[in-house]
file protein.pdb (PDB, C-alpha atoms)
ATOM      1  CA  MET A  13       0.000   0.000   0.000
ATOM      2  CA  VAL A  14       1.341   3.444  -0.939
ATOM      3  CA  LEU A  15       0.905   6.200   1.623
ATOM      4  CA  ILE A  16       1.103   9.740   0.293
ATOM      5  CA  ARG A  17       1.119  12.681   2.640
ATOM      6  CA  ARG A  18       1.316  16.220   1.304
ATOM      7  CA  VAL A  19       2.646  18.936   3.617
ATOM      8  CA  SER A  20       2.193  22.707   3.465
ATOM      9  CA  SER A  21       4.893  24.581   1.557
ATOM     10  CA  ALA A  22       5.309  26.825   4.591
ATOM     11  CA  PHE A  23       7.795  24.337   5.975
ATOM     12  CA  PRO A  24      11.066  23.055   4.490
ATOM     13  CA  ARG A  25      10.684  19.434   3.523
ATOM     14  CA  VAL A  26      13.287  16.755   2.999
ATOM     15  CA  PHE A  27      11.634  13.385   2.459
ATOM     16  CA  ALA A  28      13.966  10.415   2.724
ATOM     17  CA  PHE A  29      13.898   7.002   4.287
ATOM     18  CA  ALA A  30      17.056   7.698   6.269
ATOM     19  CA  ASN A  31      15.708  10.582   8.344
ATOM     20  CA  ARG A  32      12.450  12.296   9.337
ATOM     21  CA  SER A  33      10.467  10.799   6.479
ATOM     22  CA  LEU A  34       7.036  12.320   5.876
ATOM     23  CA  TYR A  35       6.518  10.416   2.654
ATOM     24  CA  SER A  36       6.484   6.738   3.513
ATOM     25  CA  LEU A  37       6.224   3.844   1.130
ATOM     26  CA  ASN A  38       6.786   1.237   3.788
ATOM     27  CA  SER A  39       7.599   1.211   7.471
ATOM     28  CA  PRO A  40      11.203   0.750   8.633
ATOM     29  CA  GLY A  41      12.082  -2.925   8.634
ATOM     30  CA  GLU A  42       8.940  -3.854   6.705
ATOM     31  CA  SER A  43       9.670  -5.883   3.585
ATOM     32  CA  LEU A  44       8.133  -4.836   0.290
ATOM     33  CA  ASP A  45       5.879  -7.388  -1.360
ATOM     34  CA  LEU A  46       7.507  -7.057  -4.770
ATOM     35  CA  PRO A  47       7.556  -9.273  -7.838
ATOM     36  CA  THR A  48      10.610 -11.492  -7.999
ATOM     37  CA  SER A  49      10.434 -12.368 -11.696
ATOM     38  CA  SER A  50      13.724 -11.943 -13.514
ATOM     39  CA  SER A  51      11.815 -10.022 -16.202
ATOM     40  CA  PHE A  52      11.487  -7.017 -13.883
ATOM     41  CA  THR A  53      14.103  -4.280 -13.980
ATOM     42  CA  HIS A  54      14.884  -1.038 -12.165
ATOM     43  CA  GLY A  55      14.161   2.492 -13.290
ATOM     44  CA  ILE A  56      15.072   5.915 -11.923
ATOM     45  CA  HIS A  57      13.174   9.144 -12.425
ATOM     46  CA  VAL A  58      14.128  12.641 -11.283
ATOM     47  CA  PHE A  59      11.794  15.618 -11.387
ATOM     48  CA  HIS A  60      12.371  19.344 -10.873
ATOM     49  CA  CYS A  61       9.483  21.757 -11.283
ATOM     50  CA  PRO A  62       7.532  24.573  -9.614
ATOM     51  CA  ASP A  63       5.839  23.280  -6.481
ATOM     52  CA  ALA A  64       2.156  22.410  -6.828
ATOM     53  CA  MET A  65      -0.476  20.183  -5.300
ATOM     54  CA  GLY A  66      -0.668  16.628  -6.598
ATOM     55  CA  ILE A  67       2.838  16.102  -7.998
ATOM     56  CA  VAL A  68       3.602  13.083  -5.842
ATOM     57  CA  ALA A  69       0.192  11.587  -6.573
ATOM     58  CA  LYS A  70       0.673  11.943 -10.326
ATOM     59  CA  LEU A  71       4.151  10.418 -10.263
ATOM     60  CA  SER A  72       2.984   7.500  -8.125
ATOM     61  CA  GLU A  73      -0.091   6.964 -10.296
ATOM     62  CA  CYS A  74       2.047   6.964 -13.429
ATOM     63  CA  ILE A  75       4.289   4.192 -12.126
ATOM     64  CA  ALA A  76       1.494   2.137 -10.537
ATOM     65  CA  SER A  77      -0.780   2.341 -13.586
ATOM     66  CA  ARG A  78       1.889   0.586 -15.641
ATOM     67  CA  GLY A  79       2.321  -2.196 -13.091
ATOM     68  CA  GLY A  80       5.413  -0.687 -11.480
ATOM     69  CA  ASN A  81       6.382  -0.714  -7.811
ATOM     70  CA  ILE A  82       8.082   2.225  -6.143
ATOM     71  CA  LEU A  83      11.149   1.038  -4.216
ATOM     72  CA  GLY A  84      12.168   4.398  -2.789
ATOM     73  CA  ALA A  85      11.416   8.088  -3.156
ATOM     74  CA  ASP A  86      13.215  11.235  -2.025
ATOM     75  CA  ILE A  87      11.448  14.588  -2.140
ATOM     76  CA  PHE A  88      12.682  18.066  -1.265
ATOM     77  CA  VAL A  89      10.686  21.297  -1.240
ATOM     78  CA  PRO A  90      12.765  24.158   0.207
ATOM     79  CA  GLU A  91      11.127  26.798   2.358
ATOM     80  CA  ASN A  92       9.587  29.762   0.527
ATOM     81  CA  LYS A  93      11.111  28.755  -2.824
ATOM     82  CA  ASN A  94       8.093  27.284  -4.666
ATOM     83  CA  VAL A  95      10.341  24.563  -6.053
ATOM     84  CA  PHE A  96       9.831  20.798  -6.045
ATOM     85  CA  TYR A  97      12.535  18.123  -6.350
ATOM     86  CA  SER A  98      12.063  14.357  -6.421
ATOM     87  CA  ARG A  99      13.957  11.181  -7.215
ATOM     88  CA  SER A 100      12.104   7.872  -7.482
ATOM     89  CA  GLN A 101      13.403   4.340  -7.865
ATOM     90  CA  PHE A 102      10.954   1.774  -9.156
ATOM     91  CA  LEU A 103      10.655  -1.789 -10.388
ATOM     92  CA  PHE A 104       8.793  -2.528 -13.629
ATOM     93  CA  ASP A 105       8.238  -5.091 -16.351
ATOM     94  CA  PRO A 106       9.685  -3.844 -19.672
ATOM     95  CA  CYS A 107       7.192  -5.996 -21.571
ATOM     96  CA  LYS A 108       4.280  -4.163 -19.944
ATOM     97  CA  TRP A 109       5.942  -0.742 -19.892
ATOM     98  CA  PRO A 110       8.193  -0.297 -22.961
ATOM     99  CA  ARG A 111      10.956   2.274 -22.746
ATOM    100  CA  MET A 112       9.420   4.652 -25.312
ATOM    101  CA  GLN A 113       6.059   4.536 -23.553
ATOM    102  CA  MET A 114       7.785   5.315 -20.260
ATOM    103  CA  ASP A 115       9.358   8.429 -21.780
ATOM    104  CA  GLU A 116       5.971   9.535 -23.126
ATOM    105  CA  ASP A 117       4.256   9.000 -19.771
ATOM    106  CA  PHE A 118       6.762  11.059 -17.825
ATOM    107  CA  LEU A 119       6.796  13.707 -20.572
ATOM    108  CA  LYS A 120       3.037  14.230 -20.079
ATOM    109  CA  ILE A 121       3.583  14.823 -16.360
ATOM    110  CA  SER A 122       6.463  17.145 -17.175
ATOM    111  CA  LYS A 123       4.207  19.268 -19.368
ATOM    112  CA  THR A 124       1.414  19.250 -16.792
ATOM    113  CA  PHE A 125       3.648  20.761 -14.117
ATOM    114  CA  ASN A 126       5.897  22.872 -16.406
ATOM    115  CA  ALA A 127       8.947  20.940 -15.245
ATOM    116  CA  TRP A 128      12.459  22.281 -15.697
ATOM    117  CA  LYS A 129      13.932  18.803 -15.563
ATOM    118  CA  SER A 130      12.363  15.359 -15.968
ATOM    119  CA  VAL A 131      14.834  12.557 -16.602
ATOM    120  CA  VAL A 132      14.196   8.827 -16.607
ATOM    121  CA  ARG A 133      16.947   6.229 -16.715
ATOM    122  CA  VAL A 134      16.851   2.444 -16.929
ATOM    123  CA  PRO A 135      20.421   1.320 -16.150
ATOM    124  CA  ASP A 136      19.999  -2.171 -17.586
ATOM    125  CA  GLN A 137      18.690  -0.828 -20.906
ATOM    126  CA  ASP A 138      20.228   2.601 -21.418
ATOM    127  CA  PRO A 139      23.789   3.100 -22.696
ATOM    128  CA  LYS A 140      26.396   3.804 -20.053
ATOM    129  CA  TYR A 141      27.536   7.395 -19.745
ATOM    130  CA  LYS A 142      30.584   8.109 -21.904
ATOM    131  CA  ILE A 143      33.299  10.006 -20.097
ATOM    132  CA  ALA A 144      36.834  11.208 -20.682
ATOM    133  CA  ILE A 145      39.281  11.533 -17.795
ATOM    134  CA  LEU A 146      41.747  14.415 -17.676
ATOM    135  CA  ALA A 147      44.771  13.971 -15.416
ATOM    136  CA  SER A 148      48.200  15.464 -14.866
ATOM    137  CA  LYS A 149      51.301  13.891 -13.299
ATOM    138  CA  GLN A 150      49.789  12.729 -10.017
ATOM    139  CA  ASP A 151      47.845   9.601 -10.846
ATOM    140  CA  HIS A 152      46.347   8.286  -7.595
ATOM    141  CA  CYS A 153      42.833   9.428  -8.576
ATOM    142  CA  LEU A 154      43.267   8.230 -12.159
ATOM    143  CA  VAL A 155      44.503   4.790 -11.077
ATOM    144  CA  ASP A 156      41.665   4.421  -8.583
ATOM    145  CA  LEU A 157      39.030   5.331 -11.187
ATOM    146  CA  LEU A 158      40.477   2.839 -13.658
ATOM    147  CA  HIS A 159      40.379   0.035 -11.091
ATOM    148  CA  GLN A 160      36.876   0.987  -9.945
ATOM    149  CA  TRP A 161      35.781   0.880 -13.585
ATOM    150  CA  GLN A 162      37.518  -2.460 -14.153
ATOM    151  CA  GLY A 163      35.674  -3.910 -11.162
ATOM    152  CA  GLY A 164      32.299  -2.790 -12.515
ATOM    153  CA  LYS A 165      31.799  -0.243  -9.738
ATOM    154  CA  LEU A 166      31.563   2.777 -12.037
ATOM    155  CA  PRO A 167      28.599   2.739 -14.465
ATOM    156  CA  VAL A 168      30.500   4.531 -17.235
ATOM    157  CA  GLU A 169      32.350   3.918 -20.467
ATOM    158  CA  ILE A 170      35.805   5.515 -20.417
ATOM    159  CA  THR A 171      36.471   6.758 -23.943
ATOM    160  CA  CYS A 172      39.981   8.101 -23.329
ATOM    161  CA  VAL A 173      42.447   9.615 -20.894
ATOM    162  CA  ILE A 174      43.889  13.039 -21.707
ATOM    163  CA  SER A 175      46.970  14.369 -19.956
ATOM    164  CA  ASN A 176      49.518  17.142 -20.099
ATOM    165  CA  HIS A 177      52.042  14.640 -18.694
ATOM    166  CA  ASP A 178      53.899  12.229 -20.971
ATOM    167  CA  ARG A 179      53.835   8.803 -19.310
ATOM    168  CA  ALA A 180      56.346   6.146 -20.244
ATOM    169  CA  PRO A 181      54.956   3.085 -22.107
ATOM    170  CA  ASN A 182      55.948   0.626 -19.373
ATOM    171  CA  THR A 183      54.131   2.405 -16.517
ATOM    172  CA  HIS A 184      51.214   0.803 -14.719
ATOM    173  CA  VAL A 185      48.725   3.310 -16.148
ATOM    174  CA  MET A 186      49.862   2.891 -19.755
ATOM    175  CA  ARG A 187      49.882  -0.903 -19.536
ATOM    176  CA  PHE A 188      46.378  -0.854 -18.053
ATOM    177  CA  LEU A 189      45.032   1.452 -20.749
ATOM    178  CA  GLU A 190      46.602  -0.584 -23.541
ATOM    179  CA  ARG A 191      45.258  -3.827 -22.097
ATOM    180  CA  HIS A 192      41.710  -2.411 -22.008
ATOM    181  CA  GLY A 193      41.839  -0.543 -25.296
ATOM    182  CA  ILE A 194      41.509   2.947 -23.777
ATOM    183  CA  ALA A 195      43.275   5.678 -25.738
ATOM    184  CA  TYR A 196      45.823   7.941 -24.026
ATOM    185  CA  HIS A 197      46.320  11.415 -25.461
ATOM    186  CA  TYR A 198      49.343  13.417 -24.353
ATOM    187  CA  LEU A 199      48.893  17.130 -25.004
ATOM    188  CA  HIS A 200      51.729  19.291 -23.761
ATOM    189  CA  THR A 201      50.308  22.584 -22.522
ATOM    190  CA  TYR A 202      51.813  26.056 -22.484
ATOM    191  CA  ASN A 203      50.932  29.207 -20.591
ATOM    192  CA  ASP A 204      49.485  30.701 -23.757
ATOM    193  CA  ASN A 205      48.111  27.466 -25.220
ATOM    194  CA  LYS A 206      46.175  24.997 -23.082
ATOM    195  CA  ARG A 207      45.341  22.864 -26.161
ATOM    196  CA  GLU A 208      41.644  23.294 -25.441
ATOM    197  CA  GLY A 209      40.595  23.065 -29.082
ATOM    198  CA  GLU A 210      42.215  19.643 -29.372
ATOM    199  CA  ILE A 211      40.674  18.521 -26.081
ATOM    200  CA  LEU A 212      37.236  19.579 -27.301
ATOM    201  CA  GLU A 213      37.686  17.504 -30.425
ATOM    202  CA  LEU A 214      38.679  14.445 -28.371
ATOM    203  CA  VAL A 215      35.715  14.723 -25.979
ATOM    204  CA  LYS A 216      32.968  15.803 -28.384
ATOM    205  CA  ASN A 217      31.051  12.530 -28.001
ATOM    206  CA  THR A 218      31.233  12.302 -24.211
ATOM    207  CA  ASP A 219      28.412  12.867 -21.717
ATOM    208  CA  PHE A 220      30.594  14.503 -19.059
ATOM    209  CA  LEU A 221      34.248  14.980 -18.123
ATOM    210  CA  VAL A 222      36.158  14.022 -14.993
ATOM    211  CA  LEU A 223      39.187  15.999 -13.852
ATOM    212  CA  ALA A 224      41.250  13.506 -11.830
ATOM    213  CA  ARG A 225      43.818  15.962 -10.500
ATOM    214  CA  TYR A 226      44.152  17.768 -13.820
ATOM    215  CA  MET A 227      46.278  20.745 -12.852
ATOM    216  CA  GLN A 228      45.133  23.059 -15.626
ATOM    217  CA  VAL A 229      42.333  25.608 -15.439
ATOM    218  CA  LEU A 230      39.681  25.151 -18.117
ATOM    219  CA  SER A 231      38.591  28.445 -19.627
ATOM    220  CA  GLY A 232      35.086  29.815 -19.824
ATOM    221  CA  ASN A 233      35.239  29.441 -23.604
ATOM    222  CA  PHE A 234      36.003  25.731 -23.188
ATOM    223  CA  LEU A 235      33.123  25.217 -20.762
ATOM    224  CA  ARG A 236      30.678  27.068 -23.004
ATOM    225  CA  SER A 237      31.829  25.119 -26.060
ATOM    226  CA  TYR A 238      31.701  21.729 -24.330
ATOM    227  CA  ARG A 239      28.282  22.482 -22.762
ATOM    228  CA  ASN A 240      28.135  19.276 -20.685
ATOM    229  CA  ASP A 241      29.095  18.929 -17.035
ATOM    230  CA  VAL A 242      32.689  18.736 -15.835
ATOM    231  CA  ILE A 243      33.385  17.153 -12.424
ATOM    232  CA  ASN A 244      36.561  18.051 -10.545
ATOM    233  CA  ILE A 245      38.258  16.777  -7.382
ATOM    234  CA  HIS A 246      39.894  19.362  -5.133
ATOM    235  CA  HIS A 247      42.285  18.178  -2.440
ATOM    236  CA  GLY A 248      40.875  20.494   0.177
ATOM    237  CA  LEU A 249      37.651  21.193   2.041
ATOM    238  CA  LEU A 250      36.144  23.969  -0.041
ATOM    239  CA  PRO A 251      35.430  26.822   0.246
ATOM    240  CA  SER A 252      38.582  26.931   2.384
ATOM    241  CA  PHE A 253      42.045  26.508   0.870
ATOM    242  CA  LYS A 254      41.269  27.198  -2.763
ATOM    243  CA  GLY A 255      43.929  27.134  -5.450
ATOM    244  CA  SER A 256      47.244  25.310  -5.401
ATOM    245  CA  ASN A 257      48.744  23.250  -2.602
ATOM    246  CA  PRO A 258      45.715  23.189  -0.277
ATOM    247  CA  SER A 259      47.267  20.469   1.908
ATOM    248  CA  LYS A 260      50.160  22.786   2.755
ATOM    249  CA  GLN A 261      47.720  25.634   3.336
ATOM    250  CA  ALA A 262      45.730  23.464   5.737
ATOM    251  CA  PHE A 263      48.863  22.203   7.498
ATOM    252  CA  ASN A 264      50.162  25.733   8.029
ATOM    253  CA  ALA A 265      46.750  26.792   9.342
ATOM    254  CA  GLY A 266      46.837  24.041  11.988
ATOM    255  CA  VAL A 267      43.455  22.592  11.052
ATOM    256  CA  LYS A 268      42.040  19.599  12.921
ATOM    257  CA  LEU A 269      39.996  18.318   9.968
ATOM    258  CA  ILE A 270      41.210  17.885   6.412
ATOM    259  CA  GLY A 271      38.995  17.076   3.482
ATOM    260  CA  ALA A 272      38.406  16.615  -0.202
ATOM    261  CA  THR A 273      35.709  18.201  -2.344
ATOM    262  CA  SER A 274      34.207  17.069  -5.613
ATOM    263  CA  HIS A 275      32.411  19.836  -7.471
ATOM    264  CA  PHE A 276      31.214  20.986 -10.854
ATOM    265  CA  VAL A 277      33.667  23.135 -12.778
ATOM    266  CA  THR A 278      32.721  26.759 -13.439
ATOM    267  CA  GLU A 279      34.665  29.752 -14.695
ATOM    268  CA  GLU A 280      35.543  30.748 -11.132
ATOM    269  CA  LEU A 281      38.372  28.584  -9.784
ATOM    270  CA  ASP A 282      37.292  25.971  -7.213
ATOM    271  CA  ALA A 283      33.921  27.654  -6.744
ATOM    272  CA  GLY A 284      31.478  25.388  -8.601
ATOM    273  CA  PRO A 285      28.489  23.661  -6.979
ATOM    274  CA  ILE A 286      29.622  20.997  -4.518
ATOM    275  CA  ILE A 287      28.616  17.380  -5.124
ATOM    276  CA  GLU A 288      30.477  15.489  -2.399
ATOM    277  CA  GLN A 289      32.817  16.205   0.514
ATOM    278  CA  MET A 290      34.730  13.885   2.823
ATOM    279  CA  VAL A 291      36.796  14.651   5.916
ATOM    280  CA  GLU A 292      39.282  13.026   8.263
ATOM    281  CA  ARG A 293      40.581  14.178  11.610
ATOM    282  CA  VAL A 294      44.220  15.245  11.952
ATOM    283  CA  SER A 295      46.240  16.485  14.902
ATOM    284  CA  HIS A 296      49.449  18.186  15.930
ATOM    285  CA  ARG A 297      51.155  14.802  15.519
ATOM    286  CA  ASP A 298      50.618  14.861  11.740
ATOM    287  CA  ASN A 299      53.260  16.259   9.458
ATOM    288  CA  LEU A 300      52.846  17.559   5.931
ATOM    289  CA  GLN A 301      53.517  14.124   4.452
ATOM    290  CA  SER A 302      50.778  12.457   6.498
ATOM    291  CA  PHE A 303      48.439  15.345   5.588
ATOM    292  CA  VAL A 304      49.032  14.632   1.916
ATOM    293  CA  GLN A 305      48.643  10.858   2.315
ATOM    294  CA  LYS A 306      45.337  11.212   4.142
ATOM    295  CA  SER A 307      44.167  13.774   1.624
ATOM    296  CA  GLU A 308      44.899  11.473  -1.327
ATOM    297  CA  THR A 309      42.824   8.702   0.225
ATOM    298  CA  LEU A 310      39.920  11.098   0.693
ATOM    299  CA  GLU A 311      40.247  12.410  -2.861
ATOM    300  CA  LYS A 312      39.867   8.947  -4.377
ATOM    301  CA  GLN A 313      36.784   8.098  -2.327
ATOM    302  CA  CYS A 314      35.200  11.510  -2.799
ATOM    303  CA  LEU A 315      35.614  11.560  -6.581
ATOM    304  CA  THR A 316      34.258   8.022  -6.973
ATOM    305  CA  ASN A 317      31.223   8.840  -4.840
ATOM    306  CA  ALA A 318      30.537  11.992  -6.843
ATOM    307  CA  ILE A 319      30.651  10.143 -10.163
ATOM    308  CA  LYS A 320      28.347   7.409  -8.864
ATOM    309  CA  SER A 321      25.874   9.975  -7.527
ATOM    310  CA  TYR A 322      25.878  11.794 -10.846
ATOM    311  CA  CYS A 323      25.325   8.615 -12.868
ATOM    312  CA  GLU A 324      22.522   7.518 -10.541
ATOM    313  CA  LEU A 325      20.712  10.839 -11.092
ATOM    314  CA  ARG A 326      21.127  11.875  -7.465
ATOM    315  CA  VAL A 327      22.493  15.358  -8.224
ATOM    316  CA  LEU A 328      20.215  18.268  -9.149
ATOM    317  CA  PRO A 329      20.930  22.016  -9.406
ATOM    318  CA  TYR A 330      19.681  24.136  -6.526
ATOM    319  CA  GLU A 331      19.719  27.929  -6.595
ATOM    320  CA  GLU A 332      22.676  29.608  -8.308
ATOM    321  CA  ASN A 333      25.578  27.635  -6.904
ATOM    322  CA  ARG A 334      24.256  24.757  -4.815
ATOM    323  CA  THR A 335      23.088  21.207  -5.385
ATOM    324  CA  VAL A 336      20.465  18.819  -4.128
ATOM    325  CA  VAL A 337      22.088  15.398  -3.677
ATOM    326  CA  PHE A 338      19.597  12.638  -2.903
TER     327      PHE A 338
END

call {"tool": "encode", "arguments": {"input": "protein.pdb", "output": "structure tokens"}}
result
Amino acid sequence: MVLIRRVSSAFPRVFAFANRSLYSLNSPGESLDLPTSSSFTHGIHVFHCPDAMGIVAKLSECIASRGGNILGADIFVPENKNVFYSRSQFLFDPCKWPRMQMDEDFLKISKTFNAWKSVVRVPDQDPKYKIAILASKQDHCLVDLLHQWQGGKLPVEITCVISNHDRAPNTHVMRFLERHGIAYHYLHTYNDNKREGEILELVKNTDFLVLARYMQVLSGNFLRSYRNDVINIHHGLLPSFKGSNPSKQAFNAGVKLIGATSHFVTEELDAGPIIEQMVERVSHRDNLQSFVQKSETLEKQCLTNAIKSYCELRVLPYEENRTVVF
């Protein structure tokens, strides 16, 4: 049984199973009576529109009317913003609800509520996101992403790796890329030539880019020309310690927590909307080397989590420079 409870927009609302849920599909610990047939598959739908009465009911009705079962739903309506966000996970039978029909059904709801964003994804049917990874000399994030991808933990297709660092053929990274048929493009950069035109040509068929410690600043012209999202990892807890060498900045400041931040790239350096942050405690006993080692571990985990969240449609824009991450 689906329970839908609508709450006045006078209050901020974050609906999630993890905390203070006001929209409940099943009680904690209660098992869902779901079909177990192997013909059923999972779908994800995200919705962003002006707030209005009946949105949740329409979304639920859409899924249920096609024989689907909602597995989880997160809803957020910020206070005094007249904005509605939702992310739904559901189980359905592709024979009873074909992919094209699903798109049409959600499109109708999108038009009804004048939605800014309505995206549906079926991971088992839809192509994986195509990405290119940009990296410089330090390769701990690059290596981790490659191994995560090899283990099936990143739902992406890596089209190529682009770097301003020339790696020797017998290095671990180059052997890995050759073994898996992933192209490596070395583009030496200069102060007056960041090779952005060539990068754009190499990434023109990608869905988004990942900067895995790429130590070059992408220009506004590049971002406008590329048009898709670019995800960066910063080895510091933004908005503190922007720019170069944040670990040394943090060490000199005597901080007790260090962190890593994954964010979208914008024209302003290290100021894009934040997707994920991770922290670890440090003390007076740490030196600069241990700061850096702990930071690198956080960077790898933080970047992987950000990419997964993005691919699972958990990240939505909120206001000018913030995100909703379900």

call {"tool": "residues_near_point", "arguments": {"input": "protein.pdb", "point": "(31.0, 3.5, -11.1)", "cutoff": "8 Å", "atoms": "only C-alpha atoms", "output": "list of chain:residue names"}}
result
A:Gln160, A:Trp161, A:Gly164, A:Lys165, A:Leu166, A:Pro167, A:Val168, A:Thr316, A:Ile319, A:Lys320, A:Cys323

call {"tool": "resolve_selection", "arguments": {"input": "protein.pdb", "expression": "the PyMOL selection byres ((chain A and resi 287) around 12)", "output": "MDAnalysis selection string"}}
result
chainID A and resid 242:246 250 272:277 283:286 288:290 314:322 325:330 333:338

call {"tool": "closest_residue", "arguments": {"input": "protein.pdb", "among": "A:Thr124, A:Thr218, A:Asn240, A:Ser77", "to": "Lys108 of chain A", "atoms": "all atoms listed in the file"}}
result
A:Ser77

call {"tool": "resolve_selection", "arguments": {"input": "protein.pdb", "expression": "the PyMOL selection byres ((chain A and resi 134) around 9)", "output": "list in words"}}
result
Thr53, His54, Gly55, Ile56, His57, Arg111, Val132, Arg133, Pro135, Asp136, Gln137 and Asp138 of chain A

call {"tool": "residues_around", "arguments": {"input": "protein.pdb", "residues": "segment 294-304 of chain A", "least_positions_apart": "6", "cutoff": "10 Å", "atoms": "all atoms listed in the file", "output": "number ranges by chain"}}
result
A: 247, 257-264, 266-271, 310

call {"tool": "resolve_selection", "arguments": {"input": "protein.pdb", "expression": "the PyMOL selection byres ((chain A and resi 97) around 8)", "output": "PyMOL selection string"}}
result
chain A and resi 58-61+87-89+95-96+98-99

call {"tool": "residues_around", "arguments": {"input": "protein.pdb", "residues": "Asp219 of chain A", "least_positions_apart": "3", "cutoff": "12 Å", "atoms": "all atoms listed in the file", "output": "PDB file with C-alpha atoms, keeping the file's coordinate frame"}}
result
ATOM      1  CA  PRO A 139      23.789   3.100 -22.696  1.00  0.00           C
ATOM      2  CA  LYS A 140      26.396   3.804 -20.053  1.00  0.00           C
ATOM      3  CA  TYR A 141      27.536   7.395 -19.745  1.00  0.00           C
ATOM      4  CA  LYS A 142      30.584   8.109 -21.904  1.00  0.00           C
ATOM      5  CA  ILE A 143      33.299  10.006 -20.097  1.00  0.00           C
ATOM      6  CA  ALA A 144      36.834  11.208 -20.682  1.00  0.00           C
ATOM      7  CA  ILE A 145      39.281  11.533 -17.795  1.00  0.00           C
ATOM      8  CA  VAL A 168      30.500   4.531 -17.235  1.00  0.00           C
ATOM      9  CA  GLU A 169      32.350   3.918 -20.467  1.00  0.00           C
ATOM     10  CA  ILE A 170      35.805   5.515 -20.417  1.00  0.00           C
ATOM     11  CA  THR A 171      36.471   6.758 -23.943  1.00  0.00           C
ATOM     12  CA  VAL A 215      35.715  14.723 -25.979  1.00  0.00           C
ATOM     13  CA  LYS A 216      32.968  15.803 -28.384  1.00  0.00           C
ATOM     14  CA  VAL A 222      36.158  14.022 -14.993  1.00  0.00           C
ATOM     15  CA  TYR A 238      31.701  21.729 -24.330  1.00  0.00           C
ATOM     16  CA  ARG A 239      28.282  22.482 -22.762  1.00  0.00           C
ATOM     17  CA  ASN A 240      28.135  19.276 -20.685  1.00  0.00           C
ATOM     18  CA  ASP A 241      29.095  18.929 -17.035  1.00  0.00           C
ATOM     19  CA  VAL A 242      32.689  18.736 -15.835  1.00  0.00           C
ATOM     20  CA  ILE A 243      33.385  17.153 -12.424  1.00  0.00           C
ATOM     21  CA  TYR A 322      25.878  11.794 -10.846  1.00  0.00           C
ATOM     22  CA  CYS A 323      25.325   8.615 -12.868  1.00  0.00           C
TER      23      CYS A 323
END

call {"tool": "atom_distance", "arguments": {"input": "protein.pdb", "atom1": "atom CA of Tyr198 of chain A", "atom2": "atom CA of Asp282 of chain A"}}
result
24.4 Å

call {"tool": "closest_residue", "arguments": {"input": "protein.pdb", "among": "A:Glu308, A:Asp117, A:Asp178, A:Glu332", "to": "Leu71 of chain A", "atoms": "only C-alpha atoms"}}
result
A:Asp117

call {"tool": "closest_residue", "arguments": {"input": "protein.pdb", "among": "A:Ile75, A:Leu146, A:Leu235, A:Cys172", "to": "Asn217 of chain A", "atoms": "only C-alpha atoms"}}
result
A:Cys172

call {"tool": "atom_distance", "arguments": {"input": "protein.pdb", "atom1": "atom CA of Gln228 of chain A", "atom2": "atom CA of Glu324 of chain A"}}
result
27.9 Å

call {"tool": "atom_distance", "arguments": {"input": "protein.pdb", "atom1": "atom CA of Gln101 of chain A", "atom2": "atom CA of Arg78 of chain A"}}
result
14.4 Å

call {"tool": "closest_residue", "arguments": {"input": "protein.pdb", "among": "A:Ala64, A:Leu230, A:Leu223, A:Met114", "to": "Thr278 of chain A", "atoms": "only C-alpha atoms"}}
result
A:Leu230

call {"tool": "closest_residue", "arguments": {"input": "protein.pdb", "among": "A:Asp156, A:Gly193, A:Leu212, A:Gln150", "to": "Arg179 of chain A", "atoms": "all atoms listed in the file"}}
result
A:Gln150
